[in-house]
>>> print(open('structure30.tsv').read())   # TSV, C-alpha atoms and all ligand atoms
chain	number	residue	atom	x	y	z
A	1	MET	CA	0.23	29.08	-1.55
A	2	ARG	CA	-2.88	31.27	-1.41
A	3	PRO	CA	-4.75	31.08	1.93
A	4	LEU	CA	-7.99	29.21	1.70
A	5	LYS	CA	-11.07	31.24	2.40
A	6	LEU	CA	-14.21	29.26	3.05
A	7	ILE	CA	-17.42	30.86	2.00
A	8	SER	CA	-20.78	29.23	1.81
A	9	ARG	CA	-22.56	30.59	-1.24
A	10	THR	CA	-26.08	29.76	-2.05
A	11	MET	CA	-26.38	28.22	-5.48
A	12	VAL	CA	-28.55	29.60	-8.22
A	13	GLY	CA	-31.47	27.16	-8.37
A	14	GLY	CA	-30.96	23.70	-6.93
A	15	LEU	CA	-33.57	21.75	-4.96
A	16	TYR	CA	-33.49	20.54	-1.36
A	17	PHE	CA	-34.62	16.92	-1.18
A	18	GLY	CA	-33.88	16.15	2.48
A	19	ARG	CA	-32.26	12.93	3.62
A	20	PRO	CA	-33.11	9.75	1.71
A	21	ALA	CA	-35.99	7.82	3.24
A	22	TRP	CA	-33.96	4.61	3.68
A	23	ARG	CA	-30.91	3.35	5.52
A	24	VAL	CA	-28.31	0.80	4.53
A	25	MET	CA	-28.67	-2.04	7.06
A	26	GLU	CA	-25.70	-4.22	6.16
A	27	TRP	CA	-22.65	-4.39	3.93
A	28	PRO	CA	-22.80	-7.83	2.30
A	29	GLU	CA	-19.62	-9.43	1.01
A	30	PRO	CA	-19.36	-9.63	-2.79
A	31	PRO	CA	-20.34	-13.02	-4.24
A	32	ASP	CA	-16.78	-13.95	-5.27
A	33	ALA	CA	-15.06	-12.83	-2.05
A	34	THR	CA	-12.68	-15.33	-0.55
A	35	ALA	CA	-13.99	-16.77	2.69
A	36	THR	CA	-10.89	-15.88	4.65
A	37	GLU	CA	-9.04	-12.77	3.63
A	38	GLU	CA	-5.33	-12.45	4.16
A	39	LYS	CA	-3.21	-9.39	3.75
A	40	ASN	CA	-1.38	-9.38	0.43
A	41	PRO	CA	2.33	-8.97	1.30
A	42	GLU	CA	3.28	-7.99	-2.27
A	43	ILE	CA	1.41	-4.70	-2.23
A	44	SER	CA	3.56	-1.69	-1.49
A	45	ARG	CA	2.20	1.68	-0.45
A	46	PRO	CA	2.81	4.54	-2.91
A	47	GLU	CA	5.03	7.28	-1.52
A	48	ASN	CA	4.66	10.01	-4.13
A	49	ARG	CA	2.46	11.34	-6.91
A	50	PRO	CA	3.71	9.17	-9.82
A	51	GLN	CA	3.42	6.02	-7.70
A	52	LEU	CA	-0.09	7.03	-6.66
A	53	GLY	CA	-1.03	7.59	-10.32
A	54	ASP	CA	0.31	4.12	-11.20
A	55	LEU	CA	-1.66	2.50	-8.40
A	56	LEU	CA	-4.87	4.33	-9.38
A	57	ARG	CA	-4.53	3.15	-12.98
A	58	ARG	CA	-4.35	-0.37	-11.58
A	59	VAL	CA	-7.08	-0.14	-8.95
A	60	CYS	CA	-9.79	2.15	-10.39
A	61	PRO	CA	-8.71	3.74	-13.67
A	62	GLY	CA	-11.98	5.54	-14.40
A	63	SER	CA	-14.29	7.80	-12.49
A	64	THR	CA	-15.84	6.12	-9.44
A	65	GLY	CA	-18.72	8.55	-9.09
A	66	SER	CA	-21.46	9.82	-11.35
A	67	CYS	CA	-20.23	13.44	-11.15
A	68	THR	CA	-16.72	13.57	-9.61
A	69	PRO	CA	-14.01	13.27	-12.29
A	70	ALA	CA	-11.52	10.39	-12.06
A	71	LEU	CA	-8.72	11.09	-9.60
A	72	VAL	CA	-6.15	9.77	-12.05
A	73	ARG	CA	-7.24	12.50	-14.54
A	74	GLN	CA	-7.11	15.21	-11.89
A	75	ILE	CA	-3.59	14.16	-10.84
A	76	ALA	CA	-2.40	14.18	-14.47
A	77	ASP	CA	-3.99	17.62	-14.95
A	78	LEU	CA	-2.33	18.93	-11.77
A	79	ALA	CA	1.10	17.92	-13.22
A	80	ASP	CA	3.72	19.10	-10.71
A	81	ARG	CA	1.65	21.91	-9.18
A	82	ARG	CA	0.70	21.64	-5.54
A	83	ALA	CA	-2.97	21.07	-4.71
A	84	ARG	CA	-4.09	23.95	-2.50
A	85	LEU	CA	-7.11	21.99	-1.31
A	86	LEU	CA	-8.30	18.39	-1.20
A	87	ILE	CA	-12.03	17.94	-0.79
A	88	LEU	CA	-13.42	14.55	0.18
A	89	ASN	CA	-16.86	14.78	-1.38
A	90	LEU	CA	-19.31	12.95	0.92
A	91	LEU	CA	-22.45	14.68	-0.30
A	92	PRO	CA	-25.00	12.39	-1.96
A	93	ALA	CA	-24.48	12.53	-5.73
A	94	GLN	CA	-28.20	11.88	-6.26
A	95	PRO	CA	-31.08	12.56	-3.83
A	96	GLU	CA	-31.59	8.82	-3.20
A	97	SER	CA	-27.88	8.06	-2.71
A	98	LEU	CA	-26.65	6.86	0.68
A	99	LEU	CA	-23.25	5.65	-0.43
A	100	PRO	CA	-21.09	8.14	1.53
A	101	ALA	CA	-23.09	7.42	4.69
A	102	ALA	CA	-22.87	3.64	4.16
A	103	LEU	CA	-19.11	3.76	3.49
A	104	THR	CA	-18.68	5.78	6.70
A	105	GLN	CA	-20.87	3.41	8.68
A	106	PHE	CA	-19.44	0.09	7.50
A	107	GLN	CA	-16.09	0.67	5.77
A	108	SER	CA	-14.61	3.79	7.36
A	109	GLN	CA	-11.21	2.15	7.93
A	110	TYR	CA	-10.65	1.82	4.15
A	111	LEU	CA	-12.25	5.17	3.34
A	112	ALA	CA	-10.09	7.12	5.81
A	113	ALA	CA	-6.92	5.14	4.96
A	114	GLY	CA	-7.36	5.83	1.23
A	115	ALA	CA	-8.00	9.56	1.77
A	116	GLU	CA	-4.94	9.85	4.07
A	117	LEU	CA	-2.76	8.08	1.55
A	118	ILE	CA	-3.86	10.38	-1.28
A	119	ALA	CA	-3.26	13.47	0.88
A	120	ARG	CA	0.23	12.24	1.76
A	121	CYS	CA	1.17	11.48	-1.85
A	122	LEU	CA	-0.18	14.87	-3.00
A	123	ASP	CA	1.67	16.54	-0.12
A	124	SER	CA	-1.50	18.15	1.16
A	125	PRO	CA	-1.62	19.05	4.86
A	126	ARG	CA	-5.41	19.01	5.03
A	127	VAL	CA	-8.38	17.17	3.60
A	128	MET	CA	-11.69	18.96	3.79
A	129	VAL	CA	-14.52	16.51	4.38
A	130	ALA	CA	-17.69	17.97	2.84
A	131	LEU	CA	-20.87	16.36	4.12
A	132	ASP	CA	-24.59	16.86	4.47
A	133	ARG	CA	-25.37	19.09	7.47
A	134	HIS	CA	-28.52	17.11	8.21
A	135	ASP	CA	-26.85	13.70	8.17
A	136	ARG	CA	-25.92	13.72	11.85
A	137	PRO	CA	-24.76	10.06	12.20
A	138	THR	CA	-22.22	10.55	9.38
A	139	TRP	CA	-21.17	13.90	10.86
A	140	ARG	CA	-20.62	12.33	14.32
A	141	ALA	CA	-18.68	9.42	12.82
A	142	TRP	CA	-16.38	11.81	10.94
A	143	ARG	CA	-15.76	13.88	14.07
A	144	ARG	CA	-14.34	10.71	15.64
A	145	LEU	CA	-12.42	9.76	12.48
A	146	ALA	CA	-10.95	13.25	12.16
A	147	ASP	CA	-9.51	13.22	15.67
A	148	GLY	CA	-5.72	13.58	15.41
A	149	ARG	CA	-5.77	13.29	11.61
A	150	ARG	CA	-5.59	15.79	8.78
A	151	PHE	CA	-9.35	15.83	8.13
A	152	ARG	CA	-11.37	19.03	8.63
A	153	ILE	CA	-15.14	18.73	8.46
A	154	HIS	CA	-17.28	21.23	6.59
A	155	THR	CA	-21.02	20.74	6.46
A	156	LEU	CA	-23.34	22.06	3.77
A	157	VAL	CA	-27.06	22.11	3.20
A	158	ASN	CA	-27.46	19.39	0.63
A	159	ARG	CA	-29.43	21.01	-2.14
A	160	TYR	CA	-29.19	18.82	-5.22
A	161	PRO	CA	-26.77	18.93	-7.12
A	162	GLN	CA	-24.51	20.25	-4.36
A	163	ALA	CA	-22.15	17.23	-4.81
A	164	HIS	CA	-21.18	18.27	-8.34
A	165	PRO	CA	-17.61	19.67	-8.27
A	166	VAL	CA	-18.72	22.84	-10.09
A	167	ILE	CA	-21.22	23.65	-7.32
A	168	LEU	CA	-19.13	22.23	-4.47
A	169	THR	CA	-15.97	24.22	-5.19
A	170	ARG	CA	-17.98	27.39	-5.66
A	171	CYS	CA	-19.83	26.91	-2.35
A	172	LEU	CA	-16.72	25.98	-0.38
A	173	THR	CA	-14.09	28.30	-1.82
A	174	GLY	CA	-15.78	30.75	-4.16
A	175	THR	CA	-13.77	29.26	-7.05
A	176	VAL	CA	-15.71	29.28	-10.30
A	177	LEU	CA	-14.57	26.47	-12.59
A	178	SER	CA	-14.52	27.11	-16.32
A	179	PRO	CA	-17.11	25.10	-18.24
A	180	ALA	CA	-16.04	21.48	-18.80
A	181	SER	CA	-12.78	21.97	-16.87
A	182	LEU	CA	-11.46	19.87	-14.00
A	183	PRO	CA	-11.20	21.27	-10.44
A	184	SER	CA	-7.48	20.45	-10.61
A	185	GLY	CA	-7.18	23.27	-13.17
A	186	ARG	CA	-7.69	25.60	-10.17
A	187	ASP	CA	-5.39	23.47	-7.95
A	188	ILE	CA	-8.29	21.83	-6.12
A	189	VAL	CA	-8.64	18.04	-6.07
A	190	VAL	CA	-12.07	16.55	-5.39
A	191	LEU	CA	-12.00	13.01	-4.05
A	192	ASP	CA	-14.82	10.57	-4.61
A	193	PRO	CA	-15.37	8.36	-1.53
A	194	VAL	CA	-15.38	5.16	-3.61
A	195	THR	CA	-11.87	5.92	-4.93
A	196	CYS	CA	-10.61	6.37	-1.36
A	197	TRP	CA	-12.37	3.21	-0.23
A	198	ALA	CA	-11.06	1.16	-3.20
A	199	LEU	CA	-7.49	2.33	-2.57
A	200	GLY	CA	-7.70	1.69	1.17
A	201	ARG	CA	-9.10	-1.78	0.65
A	202	PHE	CA	-6.68	-2.67	-2.13
A	203	LEU	CA	-3.73	-1.81	0.08
A	204	ARG	CA	-5.14	-4.05	2.81
A	205	TRP	CA	-6.30	-7.07	0.83
A	206	GLY	CA	-5.30	-6.61	-2.80
A	207	ARG	CA	-8.92	-6.79	-3.90
A	208	ALA	CA	-9.91	-4.31	-6.60
A	209	THR	CA	-12.62	-5.66	-8.83
A	210	THR	CA	-15.85	-4.80	-7.04
A	211	ARG	CA	-17.62	-1.58	-6.15
A	212	PRO	CA	-20.73	-0.82	-4.07
A	213	VAL	CA	-23.95	-0.31	-6.02
A	214	GLN	CA	-27.33	0.73	-4.68
A	215	VAL	CA	-30.25	-1.18	-6.15
A	216	PHE	CA	-33.79	0.15	-6.17
A	217	VAL	CA	-36.55	-2.14	-7.36
A	218	SER	CA	-40.09	-0.86	-7.45
A	219	GLY	CA	-42.08	-2.41	-4.57
A	220	ARG	CA	-39.04	-3.83	-2.75
A	221	GLU	CA	-36.67	-2.62	-0.03
A	222	PRO	CA	-33.72	-0.71	-1.51
A	223	ARG	CA	-30.39	-2.44	-0.95
A	224	LEU	CA	-26.69	-2.11	-1.37
A	225	ALA	CA	-24.44	-4.79	-2.84
A	226	GLU	CA	-20.95	-5.09	-4.21
A	227	ALA	CA	-20.87	-5.63	-7.96
A	228	ARG	CA	-17.98	-6.85	-10.05
A	229	VAL	CA	-16.74	-4.24	-12.50
A	230	GLY	CA	-17.20	-5.58	-16.04
A	231	GLN	CA	-20.05	-7.91	-15.04
A	232	ARG	CA	-23.29	-7.55	-17.02
A	233	VAL	CA	-25.91	-5.54	-15.12
A	234	ALA	CA	-28.49	-8.30	-15.76
A	235	ASP	CA	-26.18	-10.99	-14.28
A	236	PHE	CA	-25.49	-8.83	-11.23
A	237	LEU	CA	-29.23	-8.33	-10.68
A	238	ARG	CA	-29.86	-12.07	-11.01
A	239	THR	CA	-27.30	-12.78	-8.24
A	240	LEU	CA	-29.58	-10.64	-6.05
A	241	GLY	CA	-32.66	-12.64	-7.08
A	242	ILE	CA	-33.95	-9.84	-9.31
A	243	ALA	CA	-35.27	-10.58	-12.82
A	244	PRO	CA	-34.55	-7.53	-14.95
A	245	ASP	CA	-36.38	-8.77	-18.07
A	246	THR	CA	-39.65	-6.88	-17.99
A	247	GLN	CA	-38.54	-3.74	-16.23
A	248	GLU	CA	-37.17	-0.37	-17.21
A	249	CYS	CA	-33.58	-0.11	-16.01
A	250	ILE	CA	-32.10	3.28	-15.13
A	251	LEU	CA	-28.45	3.83	-14.27
A	252	ASN	CA	-27.21	6.43	-11.78
A	253	GLY	CA	-30.38	8.04	-10.57
A	254	MET	CA	-33.81	9.05	-11.74
A	255	LEU	CA	-32.89	12.72	-12.16
A	256	ALA	CA	-29.76	12.51	-14.27
A	257	GLY	CA	-29.46	8.84	-15.15
A	258	GLU	CA	-29.54	6.95	-18.43
A	259	TRP	CA	-31.98	4.25	-19.53
A	260	ILE	CA	-30.02	1.08	-20.32
A	261	ASP	CA	-30.50	-2.46	-21.55
A	262	PRO	CA	-29.21	-4.54	-18.59
A	263	GLU	CA	-28.33	-7.46	-20.90
A	264	ARG	CA	-25.98	-5.28	-22.96
A	265	THR	CA	-24.53	-2.98	-20.31
A	266	ALA	CA	-21.66	-3.78	-17.98
A	267	ILE	CA	-21.07	-2.53	-14.44
A	268	ARG	CA	-18.48	0.26	-14.61
A	269	TRP	CA	-16.46	1.97	-11.92
A	270	ASP	CA	-18.97	4.86	-12.03
A	271	THR	CA	-22.07	2.65	-11.66
A	272	GLU	CA	-23.54	3.95	-8.40
A	273	LEU	CA	-27.25	3.26	-8.61
A	274	ILE	CA	-29.44	0.87	-10.55
A	275	SER	CA	-33.20	1.47	-10.50
A	276	LEU	CA	-35.78	-0.92	-11.90
A	277	ARG	CA	-39.44	-0.14	-12.40
A	278	PRO	CA	-42.33	-1.34	-14.56
A	279	PRO	CA	-42.37	0.49	-17.90
A	280	ALA	CA	-43.93	3.88	-17.25
A	281	ALA	CA	-46.75	5.27	-19.35
A	282	HIS	CA	-45.06	8.39	-20.65
A	283	GLU	CA	-47.33	11.35	-21.12
A	284	PRO	CA	-46.48	13.28	-24.28
A	285	ALA	CA	-44.71	16.61	-23.96
A	286	VAL	CA	-46.66	19.75	-24.80
A	287	ASP	CA	-45.51	23.22	-25.80
A	288	CYS	CA	-43.51	25.39	-23.43
A	289	ILE	CA	-45.83	27.59	-21.38
A	290	ARG	CA	-43.04	30.07	-20.51
A	291	CYS	CA	-43.37	29.50	-16.76
A	292	GLY	CA	-39.62	29.96	-16.18
A	293	TRP	CA	-39.34	27.11	-13.68
A	294	CYS	CA	-36.43	25.53	-15.58
A	295	VAL	CA	-34.54	28.85	-15.42
A	296	GLY	CA	-35.16	29.16	-11.67
A	297	ALA	CA	-34.06	25.59	-10.99
A	298	CYS	CA	-30.83	25.55	-13.03
A	299	PRO	CA	-27.96	25.52	-10.49
A	300	VAL	CA	-25.45	27.06	-12.90
A	301	GLY	CA	-27.70	29.91	-14.02
A	302	LEU	CA	-28.41	28.75	-17.58
A	303	ASN	CA	-31.58	29.37	-19.52
A	304	PRO	CA	-32.59	25.79	-20.41
A	305	VAL	CA	-35.61	26.79	-22.47
A	306	SER	CA	-33.53	29.03	-24.76
A	307	LEU	CA	-30.97	26.21	-25.12
A	308	LEU	CA	-33.78	23.86	-26.10
A	309	ALA	CA	-34.87	26.34	-28.74
A	310	ALA	CA	-31.25	26.72	-29.92
A	311	ALA	CA	-30.91	22.95	-30.24
A	312	ARG	CA	-34.08	22.73	-32.28
A	313	ILE	CA	-33.36	25.65	-34.57
A	314	HIS	CA	-29.62	24.82	-34.91
A	315	ASP	CA	-28.29	27.44	-37.30
A	316	GLY	CA	-30.88	30.12	-36.75
A	317	LEU	CA	-29.38	31.49	-33.53
A	318	PRO	CA	-26.12	33.25	-32.70
A	319	VAL	CA	-23.35	30.77	-31.81
A	320	GLY	CA	-22.97	32.38	-28.39
A	321	ASP	CA	-26.41	31.19	-27.34
A	322	ARG	CA	-25.49	27.59	-28.03
A	323	ARG	CA	-22.05	27.76	-26.43
A	324	GLU	CA	-23.76	28.23	-23.08
A	325	ALA	CA	-24.63	24.53	-23.25
A	326	VAL	CA	-21.01	23.66	-22.39
A	327	ALA	CA	-21.61	24.95	-18.85
A	328	CYS	CA	-24.47	22.47	-18.28
A	329	ILE	CA	-23.61	19.98	-15.52
A	330	ASP	CA	-26.27	17.50	-16.64
A	331	CYS	CA	-28.15	17.50	-13.34
A	332	GLY	CA	-31.57	16.97	-14.93
A	333	LEU	CA	-33.35	19.54	-12.76
A	334	CYS	CA	-34.76	21.48	-15.71
A	335	SER	CA	-36.55	18.36	-17.01
A	336	TYR	CA	-37.65	17.46	-13.47
A	337	VAL	CA	-39.46	20.75	-12.87
A	338	CYS	CA	-40.86	21.32	-16.37
A	339	PRO	CA	-44.68	21.14	-16.24
A	340	SER	CA	-44.78	20.62	-20.03
A	341	ARG	CA	-42.68	17.42	-19.65
A	342	LEU	CA	-40.12	18.70	-22.14
A	343	ASP	CA	-36.92	16.65	-22.12
A	344	LEU	CA	-34.65	19.65	-21.74
A	345	ALA	CA	-31.71	17.87	-20.11
A	346	ALA	CA	-31.28	15.21	-22.82
A	347	THR	CA	-31.49	17.82	-25.58
A	348	ILE	CA	-28.97	20.08	-23.84
A	349	ARG	CA	-26.68	17.06	-23.27
A	350	THR	CA	-26.61	16.44	-27.03
A	351	LEU	CA	-26.00	20.11	-27.74
A	352	ARG	CA	-23.21	20.17	-25.16
A	353	ALA	CA	-21.53	17.13	-26.71
A	354	LYS	CA	-21.64	18.85	-30.11
A	355	GLN	CA	-20.18	22.07	-28.72
A	356	LEU	CA	-17.40	20.19	-26.90
A	357	GLY	CA	-16.66	18.22	-30.08
A	358	MET	CA	-16.41	21.46	-32.06
A	359	ALA	CA	-14.13	23.02	-29.40
A	360	ALA	CA	-11.85	19.95	-29.44
A	361	ALA	CA	-11.73	19.99	-33.24
A	362	ALA	CA	-10.88	23.73	-33.20
A	363	ALA	CA	-8.09	23.12	-30.65
A	364	GLU	CA	-6.69	20.31	-32.81
A	365	LEU	CA	-6.73	22.57	-35.89
A	366	ALA	CA	-4.98	25.37	-33.96
A	367	ALA	CA	-2.34	22.90	-32.69
A	368	ALA	CA	-1.74	21.67	-36.25
A	369	GLY	CA	-1.03	25.29	-37.24
A	401	LIG	S1	-29.40	19.82	-16.82
A	401	LIG	FE1	-28.06	21.58	-17.38
A	401	LIG	S2	-29.47	23.16	-18.13
A	401	LIG	FE2	-30.72	21.65	-16.99
A	401	LIG	S3	-30.82	22.47	-14.90
A	401	LIG	FE3	-29.08	21.07	-14.95
A	401	LIG	S4	-27.31	22.37	-15.43
A	401	LIG	FE4	-29.13	23.56	-15.93
A	402	LIG	S1	-40.09	24.72	-17.27
A	402	LIG	FE1	-40.83	23.88	-19.23
A	402	LIG	S2	-42.69	25.02	-19.65
A	402	LIG	FE2	-41.58	26.18	-18.07
A	402	LIG	S3	-40.31	27.67	-19.25
A	402	LIG	FE3	-39.07	25.86	-18.92
A	402	LIG	S4	-39.38	24.63	-20.79
A	402	LIG	FE4	-41.05	26.10	-20.70
>>> encode(input="structure30.tsv", output="structure tokens", more="lines below")
Ligand code: SF4
Ligand code: SF4
Amino acid sequence: MRPLKLISRTMVGGLYFGRPAWRVMEWPEPPDATATEEKNPEISRPENRPQLGDLLRRVCPGSTGSCTPALVRQIADLADRRARLLILNLLPAQPESLLPAALTQFQSQYLAAGAELIARCLDSPRVMVALDRHDRPTWRAWRRLADGRRFRIHTLVNRYPQAHPVILTRCLTGTVLSPASLPSGRDIVVLDPVTCWALGRFLRWGRATTRPVQVFVSGREPRLAEARVGQRVADFLRTLGIAPDTQECILNGMLAGEWIDPERTAIRWDTELISLRPPAAHEPAVDCIRCGWCVGACPVGLNPVSLLAAARIHDGLPVGDRREAVACIDCGLCSYVCPSRLDLAATIRTLRAKQLGMAAAAAELAAAG
């Protein structure tokens, strides 16, 4: 096994947002929780990788974070290779996210138990806990949790989108992931805290149908609640006394999220944040003024404005220019900084999907001979 060398690299671009301006005050029980919980005696702890994969497919089959890939996919991709590093990713996925801090504050027993179990099944002697250097309460809590266990804490300056595995693995280990590949392809497994928490709690109580969601409603205190996976977003909001009808609803953050219809969208395992606000008066976009801000902000060193042009012109540019889109991590920073209000991120997302579709089709053709 290659020795692990930790190096903190500064990312290209990225923005420092500081700590979120709110704190989670309580961890309310989900609406359908049983009043008295009893340990489920029929649940057995997995002892190895296949058993862990089976349990994950049962507990949280999809991704539990907006940017960390599903653990079940990473384990399948790892096959029988040994993971040289496990990273528990406690950096906020979006600037307004406090989920890792809240899980540490209120549910650390499940979070730590789940991470330990995964490390044991993947035969990994260490779990690196990556957290925000400026979040001192979470840092102190993890110093206590790490005592006598296999956790090693590594703090980073949280410049958005530091939590994305592409940026995280490069900052921590110098490993550059290929575009659209999983960290497990380089024998690194990135753990989302909600996966660890869900596993730890399932093994204790056998409950596996809810996940924590942060809710932001314009003009009200932000809050955190457990939502049932599969429940309609509108029904979940109504259980919190929130009428979603006349508001814009944005899933998973204002920077990189998607606008949804809450009546037609269900809570998924990767639903982290729901934001509601009165419909905004959108100012129309104007022509690019060639300021270069989008280029400076892109954390993976792309040229968003040339990708926008490539997407608009389609066949007029060399293919190589458009292939760059595959490396986009969909952070939304280019749109955020653009003074011309150009929707670069959405356009590049579409271009990326096309390029990935073409690559998959080419691979299928090659496999068919
Ligand atoms: S959305 Fe893509 S192109 Fe835009 S800044 Fe982020 S990584 Fe770069
Ligand atoms: S930030 Fe907007 S205006 Fe500036 S170069 Fe990029 S696309 Fe053009």
>>> residues_near_ligand(input="structure30.tsv", ligand="ligand LIG 401 (chain A)", cutoff="8 Å", atoms="all atoms listed in the file", output="PyMOL selection string")
chain A and resi 256+294-295+297-304+307+325+327-335+344-346+348-349
>>> axis_aligned_box(input="structure30.tsv", around="ligand LIG 402 (chain A)", padding_each_side="3 Å", output="AutoDock Vina command-line options")
--center_x -40.9 --center_y 25.8 --center_z -19.0 --size_x 9.6 --size_y 9.8 --size_z 9.5
>>> closest_residue(input="structure30.tsv", among="A:Gln231, A:Thr239, A:Ser306, A:Ser66", to="ligand LIG 402 (chain A)", atoms="all atoms listed in the file")
A:Ser306
>>> residues_near_ligand(input="structure30.tsv", ligand="ligand LIG 402 (chain A)", cutoff="8 Å", atoms="all atoms listed in the file", output="list in words")
Asp287, Cys288, Ile289, Arg290, Cys291, Gly292, Trp293, Cys294, Val295, Pro304, Val305, Leu308, Cys334, Ser335, Val337, Cys338, Pro339, Ser340, Arg341, Leu342 and Leu344 of chain A
>>> closest_residue(input="structure30.tsv", among="A:Ser124, A:Leu240, A:Arg133, A:Glu248", to="Ala280 in chain A", atoms="only C-alpha atoms")
A:Glu248
>>> closest_residue(input="structure30.tsv", among="A:Leu172, A:Ser97, A:Arg82, A:Arg204", to="Gln109 in chain A", atoms="only C-alpha atoms")
A:Arg204
>>> atom_distance(input="structure30.tsv", atom1="CA of Pro262 in chain A", atom2="CA of Thr246 in chain A")
10.7 Å
>>> atom_distance(input="structure30.tsv", atom1="CA of Val129 in chain A", atom2="CA of Ile43 in chain A")
27.3 Å
>>> residues_around(input="structure30.tsv", residues="Val326 in chain A", least_positions_apart="4", cutoff="10 Å", atoms="all atoms listed in the file", output="list in words")
Ser178, Pro179, Ala180, Arg322, Asp330, Ile348, Arg349, Leu351, Arg352, Ala353, Lys354, Gln355, Leu356 and Ala359 of chain A
>>> closest_residue(input="structure30.tsv", among="A:Glu116, A:Asp343, A:Glu221, A:Asp132", to="Ala285 in chain A", atoms="all atoms listed in the file")
A:Asp343
>>> atom_distance(input="structure30.tsv", atom1="CA of Leu15 in chain A", atom2="CA of Leu273 in chain A")
19.9 Å
>>> residues_around(input="structure30.tsv", residues="range 85-96 of chain A", least_positions_apart="4", cutoff="8 Å", atoms="all atoms listed in the file", output="MDAnalysis selection string")
chainID A and resid 4 17:21 65:67 100:101 115 119 124 126:132 158 160:164 187:193 252:253 255
>>> closest_residue(input="structure30.tsv", among="A:Gln74, A:Thr138, A:Thr155, A:Thr265", to="Ser181 in chain A", atoms="all atoms listed in the file")
A:Gln74
>>> closest_residue(input="structure30.tsv", among="A:Ala70, A:Ala198, A:Ile267, A:Ile242", to="Gly219 in chain A", atoms="only C-alpha atoms")
A:Ile242
>>> residues_around(input="structure30.tsv", residues="Ala208 in chain A", least_positions_apart="6", cutoff="8 Å", atoms="all atoms listed in the file", output="list in words")
Val59, Cys60, Ala198, Arg201 and Phe202 of chain A
